[in-house]
$ cat entry_15.cif   # mmCIF, C-alpha atoms
data_start
loop_
_atom_site.label_atom_id
_atom_site.label_comp_id
_atom_site.auth_asym_id
_atom_site.auth_seq_id
_atom_site.Cartn_x
_atom_site.Cartn_y
_atom_site.Cartn_z
CA MET X 1 -1.42 -16.87 18.47
CA ARG X 2 1.04 -19.22 20.19
CA LEU X 3 4.43 -19.54 18.56
CA ASP X 4 4.18 -23.32 18.08
CA ARG X 5 0.81 -22.95 16.39
CA PHE X 6 2.19 -20.25 14.11
CA ILE X 7 5.01 -22.59 13.02
CA CYS X 8 2.52 -25.38 12.29
CA LYS X 9 0.38 -23.03 10.24
CA HIS X 10 3.28 -21.65 8.18
CA THR X 11 5.38 -24.82 7.75
CA GLU X 12 4.83 -28.54 7.28
CA HIS X 13 5.97 -29.31 10.84
CA SER X 14 3.66 -31.05 13.28
CA HIS X 15 2.73 -29.51 16.63
CA GLN X 16 5.16 -31.81 18.40
CA THR X 17 8.01 -30.93 16.06
CA ALA X 18 7.19 -27.23 16.30
CA ARG X 19 7.42 -27.37 20.08
CA ARG X 20 10.81 -29.12 19.86
CA LEU X 21 12.11 -26.55 17.37
CA VAL X 22 11.17 -23.71 19.70
CA ALA X 23 12.51 -25.42 22.83
CA SER X 24 15.84 -26.09 21.13
CA GLY X 25 16.40 -22.38 20.41
CA ARG X 26 16.02 -22.57 16.64
CA VAL X 27 13.29 -19.91 16.46
CA GLN X 28 13.73 -16.16 16.79
CA VAL X 29 10.97 -13.61 17.39
CA ASP X 30 11.87 -10.01 16.59
CA GLY X 31 15.56 -10.92 16.62
CA ALA X 32 15.59 -12.72 19.98
CA ILE X 33 15.57 -16.48 20.56
CA ALA X 34 12.23 -17.70 21.92
CA THR X 35 12.23 -21.04 23.71
CA ASP X 36 8.65 -21.08 25.02
CA PRO X 37 6.22 -22.71 22.53
CA ARG X 38 3.43 -20.66 24.13
CA PHE X 39 5.17 -17.34 23.36
CA PRO X 40 2.51 -15.00 21.86
CA VAL X 41 3.05 -13.70 18.33
CA ASN X 42 0.91 -11.71 15.92
CA ALA X 43 0.97 -9.99 12.54
CA PHE X 44 3.50 -7.47 13.84
CA SER X 45 6.10 -10.10 14.85
CA THR X 46 9.13 -11.01 12.76
CA ILE X 47 9.64 -14.77 13.05
CA ASP X 48 12.68 -16.73 11.83
CA LEU X 49 13.27 -20.49 11.85
CA ASP X 50 16.84 -21.69 11.33
CA GLY X 51 17.67 -18.33 9.78
CA GLN X 52 14.75 -18.43 7.34
CA THR X 53 12.12 -15.71 7.72
CA LEU X 54 8.61 -17.09 8.11
CA GLN X 55 7.05 -13.67 8.69
CA ARG X 56 8.44 -10.18 8.57
CA LYS X 57 6.95 -7.57 10.87
CA ASN X 58 4.47 -5.25 9.20
CA ALA X 59 6.02 -1.94 10.21
CA VAL X 60 3.58 0.87 10.93
CA TYR X 61 4.52 4.57 10.94
CA LEU X 62 1.78 7.09 11.68
CA MET X 63 1.55 10.86 11.86
CA LEU X 64 -1.17 12.10 14.22
CA ASN X 65 -2.48 15.62 14.69
CA LYS X 66 -2.86 15.55 18.47
CA PRO X 67 -5.74 17.60 19.89
CA ALA X 68 -5.56 19.26 23.30
CA GLY X 69 -6.84 17.20 26.23
CA TYR X 70 -5.33 13.86 25.18
CA LEU X 71 -2.56 12.18 27.14
CA SER X 72 0.55 10.78 25.46
CA ALA X 73 -0.06 7.36 27.00
CA THR X 74 -1.42 3.95 26.09
CA THR X 75 -4.11 3.93 28.78
CA ASP X 76 -5.32 6.21 31.55
CA PRO X 77 -8.20 5.79 34.03
CA VAL X 78 -9.18 9.46 33.88
CA HIS X 79 -8.19 11.18 30.65
CA PRO X 80 -8.52 10.11 27.01
CA THR X 81 -5.26 9.03 25.37
CA VAL X 82 -3.87 9.46 21.87
CA MET X 83 -4.17 5.71 21.35
CA GLU X 84 -7.95 6.12 21.34
CA LEU X 85 -7.56 8.15 18.14
CA VAL X 86 -6.10 5.27 16.08
CA ALA X 87 -7.61 2.03 14.80
CA ASP X 88 -8.40 -0.55 17.48
CA ALA X 89 -6.31 -3.24 15.77
CA LEU X 90 -3.18 -1.08 15.87
CA ARG X 91 -3.34 0.09 19.48
CA PRO X 92 -1.65 -2.90 21.18
CA GLN X 93 1.37 -2.64 18.88
CA LEU X 94 2.07 1.08 18.72
CA HIS X 95 4.18 3.27 20.93
CA ILE X 96 4.80 7.01 20.89
CA ALA X 97 7.95 8.54 19.44
CA GLY X 98 8.23 11.90 21.17
CA ARG X 99 5.52 12.65 23.73
CA LEU X 100 3.52 15.84 24.17
CA ASP X 101 1.84 16.99 27.35
CA ARG X 102 -1.96 16.98 27.60
CA ALA X 103 -2.45 20.63 26.64
CA THR X 104 0.02 20.62 23.73
CA THR X 105 -1.27 20.00 20.22
CA GLY X 106 0.21 19.06 16.87
CA LEU X 107 2.57 16.50 15.40
CA MET X 108 2.87 13.17 17.12
CA LEU X 109 4.53 10.06 15.68
CA LEU X 110 3.40 6.52 16.48
CA THR X 111 5.08 3.30 15.36
CA ASN X 112 5.74 -0.34 16.17
CA ASP X 113 9.38 -0.02 15.05
CA GLY X 114 11.51 0.48 18.16
CA HIS X 115 14.74 1.08 16.24
CA TRP X 116 13.10 3.82 14.16
CA SER X 117 11.61 5.60 17.16
CA ARG X 118 14.96 5.53 18.99
CA GLN X 119 16.61 7.14 15.98
CA ILE X 120 14.29 10.13 16.12
CA THR X 121 14.11 10.53 19.91
CA ALA X 122 17.63 9.63 21.12
CA PRO X 123 19.18 12.77 22.69
CA GLU X 124 22.52 12.22 20.95
CA HIS X 125 20.89 12.59 17.54
CA LYS X 126 19.63 16.10 18.42
CA THR X 127 16.63 15.88 16.12
CA PRO X 128 15.24 19.41 15.63
CA LYS X 129 11.68 19.86 16.89
CA THR X 130 9.80 22.99 15.92
CA TYR X 131 6.87 24.44 17.87
CA ARG X 132 4.54 27.38 17.45
CA VAL X 133 4.41 29.15 20.81
CA THR X 134 1.91 31.63 22.24
CA THR X 135 3.00 33.50 25.35
CA LYS X 136 1.16 35.53 27.99
CA GLU X 137 3.49 38.53 27.81
CA PRO X 138 5.27 40.04 24.79
CA ILE X 139 8.39 38.09 23.92
CA SER X 140 11.38 40.12 25.05
CA THR X 141 13.92 41.37 22.56
CA SER X 142 16.61 39.49 24.48
CA ALA X 143 14.83 36.10 24.23
CA GLU X 144 16.43 35.22 20.90
CA MET X 145 19.93 35.76 22.27
CA GLU X 146 19.20 34.01 25.58
CA PHE X 147 17.73 30.93 23.91
CA ALA X 148 20.63 30.82 21.44
CA LYS X 149 23.08 30.70 24.37
CA GLY X 150 21.06 28.07 26.24
CA ILE X 151 18.83 28.20 29.30
CA TRP X 152 19.84 26.80 32.69
CA LEU X 153 17.41 24.10 33.90
CA ALA X 154 17.94 23.80 37.64
CA ARG X 155 16.05 20.52 38.08
CA GLU X 156 18.49 18.63 35.87
CA ALA X 157 21.36 21.06 36.49
CA VAL X 158 22.04 21.38 32.76
CA TRP X 159 22.06 24.02 30.07
CA THR X 160 19.70 23.47 27.15
CA SER X 161 21.17 23.19 23.69
CA PRO X 162 21.05 26.42 21.66
CA ALA X 163 17.52 27.04 20.39
CA GLN X 164 16.24 29.29 17.60
CA ILE X 165 13.33 31.74 17.78
CA GLU X 166 11.49 33.05 14.75
CA ARG X 167 9.35 35.95 15.92
CA LEU X 168 5.85 35.90 14.38
CA ALA X 169 4.05 38.53 16.47
CA GLU X 170 4.35 40.23 19.85
CA THR X 171 3.28 37.10 21.76
CA HIS X 172 3.82 34.47 19.07
CA CYS X 173 6.97 32.75 17.84
CA ARG X 174 8.25 29.63 16.18
CA LEU X 175 10.80 27.85 18.38
CA THR X 176 13.19 25.05 17.40
CA ILE X 177 14.78 22.93 20.12
CA TYR X 178 17.01 19.85 19.98
CA GLU X 179 16.00 18.04 23.17
CA GLY X 180 12.80 16.83 24.76
CA ARG X 181 13.03 17.47 28.49
CA HIS X 182 9.94 17.53 30.69
CA HIS X 183 7.95 20.72 29.97
CA GLN X 184 11.13 22.12 28.47
CA ILE X 185 9.65 24.97 26.45
CA LYS X 186 7.42 26.17 29.29
CA ARG X 187 10.40 26.10 31.63
CA MET X 188 12.61 27.95 29.15
CA PHE X 189 10.11 30.80 28.86
CA ALA X 190 9.53 30.82 32.61
CA ALA X 191 13.29 31.29 33.04
CA ILE X 192 13.09 34.58 31.11
CA GLY X 193 9.99 35.77 32.95
CA ASN X 194 7.24 34.74 30.54
CA GLU X 195 4.49 32.13 30.45
CA VAL X 196 3.47 29.78 27.64
CA CYS X 197 -0.27 29.87 26.97
CA ALA X 198 -0.39 27.54 23.96
CA LEU X 199 2.05 25.13 22.35
CA HIS X 200 1.74 23.36 19.00
CA ARG X 201 4.38 21.06 17.50
CA GLU X 202 4.84 21.58 13.78
CA SER X 203 7.73 19.26 12.89
CA MET X 204 10.28 16.66 14.01
CA GLY X 205 13.32 16.45 11.77
CA ILE X 206 12.06 16.81 8.21
CA ILE X 207 8.66 15.39 9.13
CA GLN X 208 6.14 18.22 9.11
CA LEU X 209 2.56 18.02 10.31
CA ASP X 210 0.31 17.53 7.29
CA PRO X 211 -1.84 20.68 7.02
CA HIS X 212 -4.73 18.56 5.72
CA LEU X 213 -4.94 16.52 8.93
CA ALA X 214 -7.73 17.69 11.20
CA PRO X 215 -7.15 17.43 14.97
CA GLY X 216 -7.47 13.78 15.95
CA ASP X 217 -6.80 12.47 12.43
CA SER X 218 -3.76 10.46 11.35
CA ARG X 219 -2.10 9.15 8.21
CA ALA X 220 0.73 6.80 7.31
CA LEU X 221 4.14 8.38 6.79
CA THR X 222 5.50 8.51 3.28
CA ILE X 223 8.59 6.46 2.42
CA GLU X 224 10.65 9.66 2.39
CA GLU X 225 9.40 10.60 5.84
CA GLN X 226 10.14 7.13 7.19
CA GLN X 227 13.65 7.03 5.76
CA SER X 228 14.52 10.49 7.08
CA CYS X 229 14.87 8.93 10.56
CA LEU X 230 17.13 6.02 9.62
#
$ encode --input "entry_15.cif" --output "C-alpha coordinates"
Amino acid sequence: MRLDRFICKHTEHSHQTARRLVASGRVQVDGAIATDPRFPVNAFSTIDLDGQTLQRKNAVYLMLNKPAGYLSATTDPVHPTVMELVADALRPQLHIAGRLDRATTGLMLLTNDGHWSRQITAPEHKTPKTYRVTTKEPISTSAEMEFAKGIWLAREAVWTSPAQIERLAETHCRLTIYEGRHHQIKRMFAAIGNEVCALHRESMGIIQLDPHLAPGDSRALTIEEQQSCL
(Lines of atoms letter the chains of each structure in order from A and count residues from 1; the text may use other names and numbers.)
(Lines give C-alpha, C1' and ligand atoms only; values in the text may rest on other atoms or scores of the structure.)
Protein backbone atom coordinates (compact mmCIF):
# COMPACT_ATOMS: atom_id res chain seq x y z
CA MET A 1 0.00 0.00 0.00
CA ARG A 2 1.18 3.54 -0.76
CA LEU A 3 2.03 5.68 2.24
CA ASP A 4 -0.48 8.43 1.38
CA ARG A 5 -3.26 5.88 1.04
CA PHE A 6 -2.32 4.35 4.38
CA ILE A 7 -2.60 7.77 6.06
CA CYS A 8 -6.02 8.35 4.50
CA LYS A 9 -7.21 4.96 5.69
CA HIS A 10 -5.97 5.42 9.26
CA THR A 11 -6.73 9.13 9.79
CA GLU A 12 -9.37 11.65 8.77
CA HIS A 13 -7.01 13.37 6.32
CA SER A 14 -7.87 13.60 2.64
CA HIS A 15 -5.58 12.22 -0.06
CA GLN A 16 -4.36 15.71 -0.87
CA THR A 17 -3.59 16.49 2.77
CA ALA A 18 -1.91 13.12 3.23
CA ARG A 19 0.40 13.81 0.30
CA ARG A 20 1.31 17.23 1.75
CA LEU A 21 2.00 15.72 5.18
CA VAL A 22 4.39 13.20 3.67
CA ALA A 23 6.10 15.71 1.38
CA SER A 24 6.68 18.08 4.30
CA GLY A 25 8.62 15.44 6.26
CA ARG A 26 6.05 14.91 9.00
CA VAL A 27 5.80 11.14 8.49
CA GLN A 28 8.30 8.51 9.56
CA VAL A 29 8.44 4.90 8.38
CA ASP A 30 10.46 2.54 10.55
CA GLY A 31 12.15 5.52 12.21
CA ALA A 32 13.18 7.32 9.02
CA ILE A 33 11.45 10.33 7.44
CA ALA A 34 9.63 9.40 4.24
CA THR A 35 8.86 12.22 1.82
CA ASP A 36 7.51 10.22 -1.12
CA PRO A 37 3.71 9.71 -0.91
CA ARG A 38 4.14 6.59 -3.05
CA PHE A 39 6.52 4.97 -0.54
CA PRO A 40 5.35 1.34 -0.06
CA VAL A 41 4.28 0.24 3.42
CA ASN A 42 2.69 -2.91 4.78
CA ALA A 43 1.65 -4.62 8.01
CA PHE A 44 5.29 -4.89 9.06
CA SER A 45 5.98 -1.12 8.86
CA THR A 46 6.03 1.20 11.86
CA ILE A 47 4.44 4.49 10.79
CA ASP A 48 4.42 7.74 12.79
CA LEU A 49 2.72 11.04 11.97
CA ASP A 50 3.86 14.11 13.92
CA GLY A 51 5.26 11.81 16.59
CA GLN A 52 2.04 9.81 16.95
CA THR A 53 2.21 6.12 16.06
CA LEU A 54 -0.38 5.10 13.49
CA GLN A 55 0.92 1.54 13.21
CA ARG A 56 3.59 -0.36 15.07
CA LYS A 57 5.51 -3.04 13.22
CA ASN A 58 4.33 -6.57 13.92
CA ALA A 59 7.65 -8.10 14.91
CA VAL A 60 8.19 -11.70 13.87
CA TYR A 61 10.77 -14.02 15.45
CA LEU A 62 10.98 -17.59 14.16
CA MET A 63 13.02 -20.65 15.01
CA LEU A 64 13.50 -23.01 12.06
CA ASN A 65 14.94 -26.52 12.03
CA LYS A 66 16.92 -26.25 8.80
CA PRO A 67 17.20 -29.45 6.75
CA ALA A 68 20.24 -30.24 4.61
CA GLY A 69 20.10 -29.08 1.01
CA TYR A 70 18.53 -25.66 1.65
CA LEU A 71 20.40 -22.42 1.07
CA SER A 72 20.47 -19.62 3.63
CA ALA A 73 19.15 -17.13 1.07
CA THR A 74 15.94 -15.40 0.07
CA THR A 75 15.95 -16.72 -3.49
CA ASP A 76 18.13 -18.92 -5.67
CA PRO A 77 17.68 -20.06 -9.29
CA VAL A 78 19.02 -23.56 -8.61
CA HIS A 79 18.63 -24.66 -5.00
CA PRO A 80 15.68 -24.46 -2.60
CA THR A 81 16.04 -21.81 0.12
CA VAL A 82 15.01 -21.71 3.76
CA MET A 83 12.47 -19.02 2.90
CA GLU A 84 10.47 -21.65 1.04
CA LEU A 85 9.91 -23.37 4.39
CA VAL A 86 7.96 -20.47 5.96
CA ALA A 87 4.53 -19.00 5.22
CA ASP A 88 4.25 -17.15 1.91
CA ALA A 89 2.99 -13.97 3.58
CA LEU A 90 6.07 -13.73 5.79
CA ARG A 91 8.77 -14.33 3.18
CA PRO A 92 9.13 -10.76 1.84
CA GLN A 93 9.68 -9.38 5.35
CA LEU A 94 12.04 -11.89 6.94
CA HIS A 95 15.80 -12.05 6.94
CA ILE A 96 18.19 -14.60 8.40
CA ALA A 97 20.02 -14.04 11.68
CA GLY A 98 23.05 -16.30 11.44
CA ARG A 99 23.39 -18.24 8.19
CA LEU A 100 24.23 -21.91 7.72
CA ASP A 101 25.76 -23.47 4.64
CA ARG A 102 23.67 -25.75 2.43
CA ALA A 103 24.81 -29.02 4.01
CA THR A 104 24.52 -27.84 7.63
CA THR A 105 21.34 -28.56 9.56
CA GLY A 106 19.71 -27.31 12.73
CA LEU A 107 18.81 -24.04 14.39
CA MET A 108 18.19 -21.04 12.20
CA LEU A 109 16.60 -17.76 13.31
CA LEU A 110 14.48 -15.59 11.03
CA THR A 111 13.04 -12.18 11.86
CA ASN A 112 11.90 -8.83 10.49
CA ASP A 113 13.56 -6.98 13.40
CA GLY A 114 16.94 -5.71 12.21
CA HIS A 115 18.02 -4.43 15.62
CA TRP A 116 17.32 -7.82 17.21
CA SER A 117 19.21 -9.77 14.56
CA ARG A 118 22.22 -7.45 14.86
CA GLN A 119 22.29 -8.05 18.60
CA ILE A 120 22.65 -11.80 18.14
CA THR A 121 25.01 -11.78 15.14
CA ALA A 122 27.31 -8.78 15.78
CA PRO A 123 30.88 -10.10 16.27
CA GLU A 124 31.51 -7.84 19.26
CA HIS A 125 28.72 -9.53 21.23
CA LYS A 126 30.43 -12.93 20.89
CA THR A 127 27.17 -14.87 21.07
CA PRO A 128 28.00 -18.54 21.77
CA LYS A 129 26.90 -20.92 19.01
CA THR A 130 26.94 -24.63 19.72
CA TYR A 131 27.17 -27.33 17.04
CA ARG A 132 27.16 -31.10 17.01
CA VAL A 133 30.06 -32.18 14.79
CA THR A 134 30.79 -35.48 13.06
CA THR A 135 34.31 -35.92 11.71
CA LYS A 136 35.91 -38.32 9.23
CA GLU A 137 38.81 -39.26 11.50
CA PRO A 138 38.89 -39.71 15.28
CA ILE A 139 39.14 -36.38 17.06
CA SER A 140 42.69 -36.00 18.33
CA THR A 141 43.39 -35.72 22.03
CA SER A 142 45.08 -32.38 21.37
CA ALA A 143 42.03 -30.85 19.63
CA GLU A 144 40.50 -29.57 22.86
CA MET A 145 43.67 -27.69 23.78
CA GLU A 146 44.25 -26.38 20.25
CA PHE A 147 40.71 -25.06 19.90
CA ALA A 148 40.89 -23.49 23.36
CA LYS A 149 44.00 -21.56 22.29
CA GLY A 150 42.48 -20.52 18.96
CA ILE A 151 43.06 -21.63 15.38
CA TRP A 152 44.90 -19.51 12.80
CA LEU A 153 42.71 -18.75 9.76
CA ALA A 154 45.08 -17.76 6.98
CA ARG A 155 42.43 -16.29 4.66
CA GLU A 156 41.52 -13.58 7.16
CA ALA A 157 44.91 -13.65 8.90
CA VAL A 158 43.26 -13.92 12.31
CA TRP A 159 43.13 -16.30 15.25
CA THR A 160 39.70 -17.65 16.16
CA SER A 161 38.36 -16.93 19.61
CA PRO A 162 38.85 -19.77 22.11
CA ALA A 163 36.35 -22.56 21.44
CA GLN A 164 35.18 -25.43 23.65
CA ILE A 165 34.92 -29.10 22.68
CA GLU A 166 32.75 -31.61 24.51
CA ARG A 167 33.78 -35.05 23.30
CA LEU A 168 30.77 -37.33 22.66
CA ALA A 169 32.40 -40.24 20.82
CA GLU A 170 35.52 -41.00 18.79
CA THR A 171 34.31 -38.98 15.78
CA HIS A 172 31.58 -36.90 17.43
CA CYS A 173 31.76 -33.78 19.57
CA ARG A 174 29.82 -30.74 20.64
CA LEU A 175 31.66 -27.53 19.72
CA THR A 176 30.94 -24.00 20.94
CA ILE A 177 32.33 -21.05 18.99
CA TYR A 178 31.87 -17.29 19.37
CA GLU A 179 32.18 -16.13 15.76
CA GLY A 180 30.58 -16.94 12.45
CA ARG A 181 33.28 -16.87 9.80
CA HIS A 182 32.80 -18.55 6.43
CA HIS A 183 32.95 -22.35 6.89
CA GLN A 184 34.70 -21.67 10.18
CA ILE A 185 34.19 -25.05 11.85
CA LYS A 186 35.23 -27.01 8.76
CA ARG A 187 38.33 -24.86 8.45
CA MET A 188 39.17 -25.26 12.14
CA PHE A 189 39.09 -29.04 11.89
CA ALA A 190 40.99 -28.98 8.59
CA ALA A 191 43.72 -27.00 10.39
CA ILE A 192 44.26 -29.92 12.79
CA GLY A 193 44.17 -32.53 10.03
CA ASN A 194 40.56 -33.69 10.19
CA GLU A 195 37.46 -33.34 8.04
CA VAL A 196 33.91 -32.45 9.04
CA CYS A 197 31.35 -34.88 7.62
CA ALA A 198 28.21 -33.48 9.27
CA LEU A 199 27.37 -30.30 11.13
CA HIS A 200 24.23 -29.49 13.11
CA ARG A 201 23.63 -26.25 15.02
CA GLU A 202 21.97 -26.81 18.38
CA SER A 203 21.87 -23.34 19.93
CA MET A 204 22.61 -19.61 19.62
CA GLY A 205 22.96 -17.84 22.95
CA ILE A 206 20.30 -19.31 25.23
CA ILE A 207 18.06 -20.17 22.28
CA GLN A 208 18.12 -23.93 21.79
CA LEU A 209 16.62 -25.82 18.89
CA ASP A 210 13.23 -27.17 19.95
CA PRO A 211 13.53 -30.98 19.96
CA HIS A 212 9.90 -31.24 18.84
CA LEU A 213 10.56 -29.39 15.57
CA ALA A 214 10.91 -31.75 12.64
CA PRO A 215 13.35 -30.76 9.87
CA GLY A 216 11.74 -27.98 7.84
CA ASP A 217 9.33 -26.95 10.60
CA SER A 218 9.37 -23.65 12.48
CA ARG A 219 7.76 -21.98 15.47
CA ALA A 220 7.60 -18.51 17.00
CA LEU A 221 10.17 -17.73 19.68
CA THR A 222 8.96 -17.40 23.23
CA ILE A 223 9.14 -14.01 24.94
CA GLU A 224 12.09 -15.26 27.01
CA GLU A 225 13.92 -16.36 23.87
CA GLN A 226 13.26 -13.03 22.17
CA GLN A 227 14.41 -10.97 25.13
CA SER A 228 17.61 -12.99 25.56
CA CYS A 229 19.02 -11.15 22.52
CA LEU A 230 18.20 -7.61 23.61
$ resolve_selection --input "entry_15.cif" --expression "the PyMOL selection byres ((chain X and resi 163) around 9)" --output "PyMOL selection string"
chain X and resi 144+146-150+160-162+164-165+175-178
$ residues_around --input "entry_15.cif" --residues "His125 of chain X" --least-positions-apart "4" --cutoff "10 Å" --atoms "only C-alpha atoms" --output "PyMOL selection string"
chain X and resi 118-121+178-179+229
$ atom_distance --input "entry_15.cif" --atom1 "atom CA of His15 of chain X" --atom2 "atom CA of Leu90 of chain X"
29.0 Å
$ resolve_selection --input "entry_15.cif" --expression "the PyMOL selection byres ((chain X and resi 92) around 12)" --output "list of chain:residue names"
X:Asn42, X:Ala43, X:Phe44, X:Ala73, X:Thr74, X:Thr75, X:Met83, X:Glu84, X:Val86, X:Ala87, X:Asp88, X:Ala89, X:Leu90, X:Arg91, X:Gln93, X:Leu94, X:His95, X:Ile96, X:Leu110, X:Thr111, X:Asn112
$ closest_atom_pairs --input "entry_15.cif" --of "segment 138-216 of chain X" --to "segment 66-71 of chain X" --cutoff "10 Å" --atoms "all atoms listed in the file" --output "tab-separated table"
residue	atom	partner	partner_atom	distance
X:Ala198	CA	X:Ala68	CA	9.8
X:Leu199	CA	X:Ala68	CA	9.7
X:His200	CA	X:Lys66	CA	9.1
X:Arg201	CA	X:Lys66	CA	9.1
X:Leu213	CA	X:Lys66	CA	9.8
X:Ala214	CA	X:Pro67	CA	8.9
X:Pro215	CA	X:Pro67	CA	5.1
X:Gly216	CA	X:Lys66	CA	5.5
$ write_last_selection --input "entry_15.cif" --atoms "C-alpha atoms" --output "short mmCIF file (atom, residue, chain, number, x, y, z; two decimals), in the frame of the given file"
data_model
loop_
_atom_site.label_atom_id
_atom_site.label_comp_id
_atom_site.auth_asym_id
_atom_site.auth_seq_id
_atom_site.Cartn_x
_atom_site.Cartn_y
_atom_site.Cartn_z
CA ALA X 198 -0.39 27.54 23.96
CA LEU X 199 2.05 25.13 22.35
CA HIS X 200 1.74 23.36 19.00
CA ARG X 201 4.38 21.06 17.50
CA LEU X 213 -4.94 16.52 8.93
CA ALA X 214 -7.73 17.69 11.20
CA PRO X 215 -7.15 17.43 14.97
CA GLY X 216 -7.47 13.78 15.95
#
$ resolve_selection --input "entry_15.cif" --expression "the PyMOL selection byres ((chain X and resi 228) around 12)" --output "MDAnalysis selection string"
chainID X and resid 116:117 119:120 127 204:208 221:227 229:230
$ axis_aligned_box --input "entry_15.cif" --around "segment 125-135 of chain X" --padding-each-side "4 Å" --output "AutoDock Vina command-line options"
--center_x 11.4 --center_y 23.0 --center_z 20.5 --size_x 27.0 --size_y 28.9 --size_z 17.7
$ residues_around --input "entry_15.cif" --residues "segment 23-29 of chain X" --least-positions-apart "6" --cutoff "12 Å" --atoms "all atoms listed in the file" --output "VMD selection string"
chain X and resid 2 to 4 6 to 7 16 to 17 35 to 57
$ write_last_selection --input "entry_15.cif" --atoms "C-alpha atoms" --output "PDB file, keeping the file's coordinate frame"
ATOM      1  CA  ARG X   2       1.040 -19.220  20.190  1.00  0.00           C
ATOM      2  CA  LEU X   3       4.430 -19.540  18.560  1.00  0.00           C
ATOM      3  CA  ASP X   4       4.180 -23.320  18.080  1.00  0.00           C
ATOM      4  CA  PHE X   6       2.190 -20.250  14.110  1.00  0.00           C
ATOM      5  CA  ILE X   7       5.010 -22.590  13.020  1.00  0.00           C
ATOM      6  CA  GLN X  16       5.160 -31.810  18.400  1.00  0.00           C
ATOM      7  CA  THR X  17       8.010 -30.930  16.060  1.00  0.00           C
ATOM      8  CA  THR X  35      12.230 -21.040  23.710  1.00  0.00           C
ATOM      9  CA  ASP X  36       8.650 -21.080  25.020  1.00  0.00           C
ATOM     10  CA  PRO X  37       6.220 -22.710  22.530  1.00  0.00           C
ATOM     11  CA  ARG X  38       3.430 -20.660  24.130  1.00  0.00           C
ATOM     12  CA  PHE X  39       5.170 -17.340  23.360  1.00  0.00           C
ATOM     13  CA  PRO X  40       2.510 -15.000  21.860  1.00  0.00           C
ATOM     14  CA  VAL X  41       3.050 -13.700  18.330  1.00  0.00           C
ATOM     15  CA  ASN X  42       0.910 -11.710  15.920  1.00  0.00           C
ATOM     16  CA  ALA X  43       0.970  -9.990  12.540  1.00  0.00           C
ATOM     17  CA  PHE X  44       3.500  -7.470  13.840  1.00  0.00           C
ATOM     18  CA  SER X  45       6.100 -10.100  14.850  1.00  0.00           C
ATOM     19  CA  THR X  46       9.130 -11.010  12.760  1.00  0.00           C
ATOM     20  CA  ILE X  47       9.640 -14.770  13.050  1.00  0.00           C
ATOM     21  CA  ASP X  48      12.680 -16.730  11.830  1.00  0.00           C
ATOM     22  CA  LEU X  49      13.270 -20.490  11.850  1.00  0.00           C
ATOM     23  CA  ASP X  50      16.840 -21.690  11.330  1.00  0.00           C
ATOM     24  CA  GLY X  51      17.670 -18.330   9.780  1.00  0.00           C
ATOM     25  CA  GLN X  52      14.750 -18.430   7.340  1.00  0.00           C
ATOM     26  CA  THR X  53      12.120 -15.710   7.720  1.00  0.00           C
ATOM     27  CA  LEU X  54       8.610 -17.090   8.110  1.00  0.00           C
ATOM     28  CA  GLN X  55       7.050 -13.670   8.690  1.00  0.00           C
ATOM     29  CA  ARG X  56       8.440 -10.180   8.570  1.00  0.00           C
ATOM     30  CA  LYS X  57       6.950  -7.570  10.870  1.00  0.00           C
TER      31      LYS X  57
END
$ atom_distance --input "entry_15.cif" --atom1 "atom CA of Leu209 of chain X" --atom2 "atom CA of Leu109 of chain X"
9.8 Å
$ closest_residue --input "entry_15.cif" --among "X:Glu124, X:His13, X:Ile192, X:Leu168" --to "Met145 of chain X" --atoms "only C-alpha atoms"
X:Ile192
